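Content type CSV, C-alpha atoms, from the file coords_2.csv:
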chain,number,residue,atom,x,y,z
I,1317,MET,CA,255.6,4.9,218.6
I,1318,ARG,CA,255.8,1.5,216.8
I,1319,LEU,CA,253.4,2.7,214.1
I,1320,GLY,CA,255.5,5.8,213.5
I,1321,THR,CA,258.7,3.7,213.2
I,1322,ALA,CA,256.9,1.2,210.9
I,1323,LEU,CA,255.7,4.0,208.6
I,1324,PHE,CA,259.2,5.5,208.5
I,1325,PHE,CA,260.8,2.2,207.4
I,1326,ALA,CA,258.0,1.6,204.9
I,1327,ALA,CA,258.6,5.1,203.4
I,1328,LEU,CA,262.4,4.5,203.4
I,1329,THR,CA,262.0,1.1,201.7
I,1330,SER,CA,259.7,2.5,199.0
I,1331,PHE,CA,262.2,5.4,198.4
I,1332,ARG,CA,265.0,3.0,198.0
I,1333,ILE,CA,263.0,0.9,195.5
I,1334,ALA,CA,262.0,4.0,193.5
I,1335,ALA,CA,265.6,5.4,193.6
I,1336,GLN,CA,267.1,2.2,192.1
I,1337,PRO,CA,268.3,2.9,188.5
I,1338,GLY,CA,266.8,1.1,185.6
I,1339,PRO,CA,268.8,-0.7,182.9
I,1340,SER,CA,271.7,1.3,181.3
I,1341,PHE,CA,274.3,0.7,178.7
I,1342,GLU,CA,277.7,-0.5,179.8
I,1343,ALA,CA,279.4,1.9,177.4
I,1344,ALA,CA,278.1,4.4,174.8
I,1345,ALA,CA,279.7,6.8,172.3
I,1346,THR,CA,277.9,9.5,170.4
I,1347,LYS,CA,279.1,11.8,167.7
I,1348,ILE,CA,277.8,14.1,165.0
I,1349,SER,CA,277.4,12.0,161.9
I,1350,PRO,CA,276.0,13.7,158.8
I,1351,PHE,CA,275.1,11.3,156.0
I,1352,THR,CA,277.9,11.1,153.3
I,1353,GLY,CA,275.9,9.3,150.6
I,1354,SER,CA,276.5,5.7,151.5
I,1355,GLY,CA,276.1,3.4,154.5
I,1356,PRO,CA,273.1,2.5,156.7
I,1357,ILE,CA,270.7,5.0,158.1
I,1358,GLY,CA,268.5,4.3,161.1
I,1359,ILE,CA,268.3,2.5,164.4
I,1360,ARG,CA,268.9,-1.2,165.0
I,1361,THR,CA,270.1,-3.7,167.6
I,1362,GLU,CA,272.4,-6.6,167.2
I,1363,GLY,CA,272.7,-8.9,170.3
I,1364,GLY,CA,273.9,-6.6,173.0
I,1365,ARG,CA,274.7,-3.7,170.7
I,1366,PHE,CA,272.6,-0.6,170.0
I,1367,ILE,CA,273.4,1.2,166.7
I,1368,ALA,CA,271.9,4.4,165.5
I,1369,GLN,CA,273.4,5.9,162.4
I,1370,HIS,CA,272.7,9.3,160.8
I,1371,VAL,CA,269.6,10.0,163.0
I,1372,SER,CA,268.2,13.1,164.6
I,1373,VAL,CA,267.6,13.5,168.3
I,1374,GLY,CA,263.9,13.3,167.5
I,1375,ASP,CA,264.4,9.9,165.9
I,1376,LEU,CA,266.2,8.7,169.1
I,1377,VAL,CA,263.3,10.1,171.3
I,1378,GLN,CA,260.8,8.3,169.1
I,1379,TYR,CA,262.6,5.0,169.5
I,1380,ALA,CA,263.3,5.4,173.2
I,1381,TYR,CA,259.7,6.1,174.1
I,1382,ASP,CA,258.1,3.9,171.3
I,1383,VAL,CA,256.1,6.7,169.8
I,1384,GLU,CA,255.4,8.0,166.3
I,1385,ALA,CA,256.6,11.3,164.9
I,1386,PHE,CA,253.1,12.9,165.2
I,1387,GLN,CA,253.1,12.1,168.9
I,1388,VAL,CA,256.2,14.3,169.5
I,1389,SER,CA,255.8,18.1,169.3
I,1390,GLY,CA,257.9,21.1,170.0
I,1391,GLY,CA,261.6,21.4,170.4
I,1392,PRO,CA,264.2,23.4,168.6
I,1393,GLY,CA,264.8,23.0,164.9
I,1394,TRP,CA,267.8,20.7,165.3
I,1395,PHE,CA,265.6,18.3,167.3
I,1396,ARG,CA,263.9,16.9,164.2
I,1397,SER,CA,266.3,17.9,161.5
I,1398,THR,CA,265.3,16.7,158.0
I,1399,ASP,CA,268.6,17.6,156.5
I,1400,LEU,CA,270.1,14.2,156.1
I,1401,PHE,CA,273.5,15.7,155.2
I,1402,GLY,CA,273.5,18.4,157.9
I,1403,LYS,CA,275.3,18.7,161.2
I,1404,ASP,CA,272.2,17.7,163.3
I,1405,ARG,CA,272.5,14.0,162.5
I,1406,TYR,CA,274.1,11.7,165.0
I,1407,GLU,CA,275.6,8.3,165.5
I,1408,VAL,CA,275.2,6.4,168.7
I,1409,LEU,CA,277.0,3.1,169.4
I,1410,ALA,CA,276.3,1.5,172.7
I,1411,THR,CA,276.9,-1.9,174.3
I,1412,ALA,CA,274.8,-3.7,176.9
I,1413,GLN,CA,275.4,-6.7,179.1
I,1414,GLY,CA,273.8,-9.8,177.7
I,1415,THR,CA,271.1,-9.6,175.0
I,1416,PRO,CA,268.5,-7.1,176.1
I,1417,THR,CA,264.9,-7.2,174.9
I,1418,SER,CA,263.6,-4.3,172.8
I,1419,PRO,CA,261.8,-2.7,175.8
I,1420,GLN,CA,265.1,-2.9,177.8
I,1421,PHE,CA,267.0,-1.2,174.9
I,1422,ARG,CA,264.4,1.5,175.0
I,1423,GLN,CA,264.8,2.0,178.7
I,1424,MET,CA,268.6,2.2,178.3
I,1425,LEU,CA,268.3,4.8,175.6
I,1426,GLN,CA,265.9,6.8,177.8
I,1427,ALA,CA,268.6,6.8,180.5
I,1428,LEU,CA,271.3,7.8,177.9
I,1429,LEU,CA,269.1,10.7,176.6
I,1430,LYS,CA,268.7,12.0,180.2
I,1431,GLU,CA,272.4,12.1,180.7

File written out as structure tokens:
Amino acid sequence: MRLGTALFFAALTSFRIAAQPGPSFEAAATKISPFTGSGPIGIRTEGGRFIAQHVSVGDLVQYAYDVEAFQVSGGPGWFRSTDLFGKDRYEVLATAQGTPTSPQFRQMLQALLKE
């Protein structure tokens, strides 16, 4: 009986550890943002801020999972839109607590993309 109880609590503890959420942004805003001919394009971080301007969803996935374009395949046409002036370009402005590292920003973006 004791062994069964011990295994139950061990399983419960490991489930609670696995269920704990990873890092996430305190606040995030996204919007469609086709390029208008001026301003920055791309993804950058500044302190506790994540800024993506005029990027495709594919660009965000590449950044979040630290992969190159050739490592991502499939998806609908809008996923990797090459039309910089088109409607499939986005802006993401997000804030995090403190000053996260690059890997932490990537984990936060993964969580945001899942939402």

* **All residues 7 Å or closer to range 1380-1389 of chain I, all atoms listed in the file, same chain fewer than 5 positions away omitted, as a PyMOL selection string** => chain I and resi 1422-1423+1425-1426

Create the file for the chosen residues now, containing C-alpha atoms and written as a compact mmCIF listing (two decimals), in the coordinates of the input.
# COMPACT_ATOMS: atom_id res chain seq x y z
CA ARG I 1422 264.40 1.50 175.00
CA GLN I 1423 264.80 2.00 178.70
CA LEU I 1425 268.30 4.80 175.60
CA GLN I 1426 265.90 6.80 177.80

* Could you jot down the CA of Arg1396 in chain I to CA of Gly1374 in chain I separation for me, Å, one decimal place? => 4.9 Å

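Take the candidates I:Ala1412, I:Ala1345, I:Leu1400, I:Val1377 and check each one against Ile1359 in chain I using all atoms listed in the file; the shortest distance goes to I:Val1377.
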
* Asked: List as a VMD selection string: which residues have an atom within 9 Å of (269.5, 7.1, 170.7), counting all atoms listed in the file?
  -> chain I and resid 1346 1359 1366 to 1368 1371 to 1380 1406 to 1409 1422 1425 to 1426 1428 to 1429

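Interatomic distance, CA of Gly1358 in chain I against CA of Arg1405 in chain I: 10.6 Å.
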
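Interatomic distance, CA of Thr1361 in chain I against CA of Ser1349 in chain I: 18.2 Å.
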
* Structure fact -> Of I:Gln1420, I:Gln1369, I:Asp1404, I:Pro1392, the one sitting nearest Ser1340 in chain I when using all atoms listed in the file is I:Gln1420

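Minimum atom-to-atom distances from I:Ala1427, I:Ile1357, I:Ile1348, I:Ala1343 to Lys1403 in chain I were compared using only C-alpha atoms, and the lowest value belongs to I:Ile1348.
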
Can you take range 1345-1379 of chain I from the block and write C-alpha atoms as a compact mmCIF listing (two decimals), in the first residue's frame?
# COMPACT_ATOMS: atom_id res chain seq x y z
CA ALA I 1345 -0.63 43.48 -28.79
CA THR I 1346 -0.76 42.26 -32.39
CA LYS I 1347 -2.16 43.90 -35.48
CA ILE I 1348 -2.03 43.64 -39.24
CA SER I 1349 0.75 45.95 -40.36
CA PRO I 1350 1.64 46.08 -44.06
CA PHE I 1351 4.79 48.02 -44.84
CA THR I 1352 4.09 51.58 -45.99
CA GLY I 1353 7.49 52.38 -47.42
CA SER I 1354 9.24 53.69 -44.31
CA GLY I 1355 10.15 52.52 -40.83
CA PRO I 1356 11.89 49.46 -39.45
CA ILE I 1357 11.22 45.90 -40.60
CA GLY I 1358 12.06 42.82 -38.54
CA ILE I 1359 12.29 41.53 -35.00
CA ARG I 1360 14.25 43.03 -32.13
CA THR I 1361 14.29 43.21 -28.36
CA GLU I 1362 14.99 46.26 -26.20
CA GLY I 1363 15.28 45.57 -22.49
CA GLY I 1364 11.99 43.95 -21.54
CA ARG I 1365 10.28 44.77 -24.86
CA PHE I 1366 9.75 42.48 -27.85
CA ILE I 1367 9.14 44.34 -31.11
CA ALA I 1368 8.26 42.73 -34.45
CA GLN I 1369 7.35 45.06 -37.30
CA HIS I 1370 5.99 44.18 -40.74
CA VAL I 1371 6.78 40.44 -40.37
CA SER I 1372 5.01 37.30 -41.53
CA VAL I 1373 3.79 34.57 -39.22
CA GLY I 1374 6.60 32.44 -40.66
CA ASP I 1375 9.14 35.04 -39.51
CA LEU I 1376 7.70 34.87 -35.99
CA VAL I 1377 7.86 31.07 -35.98
CA GLN I 1378 11.47 31.15 -37.18
CA TYR I 1379 12.42 33.52 -34.37
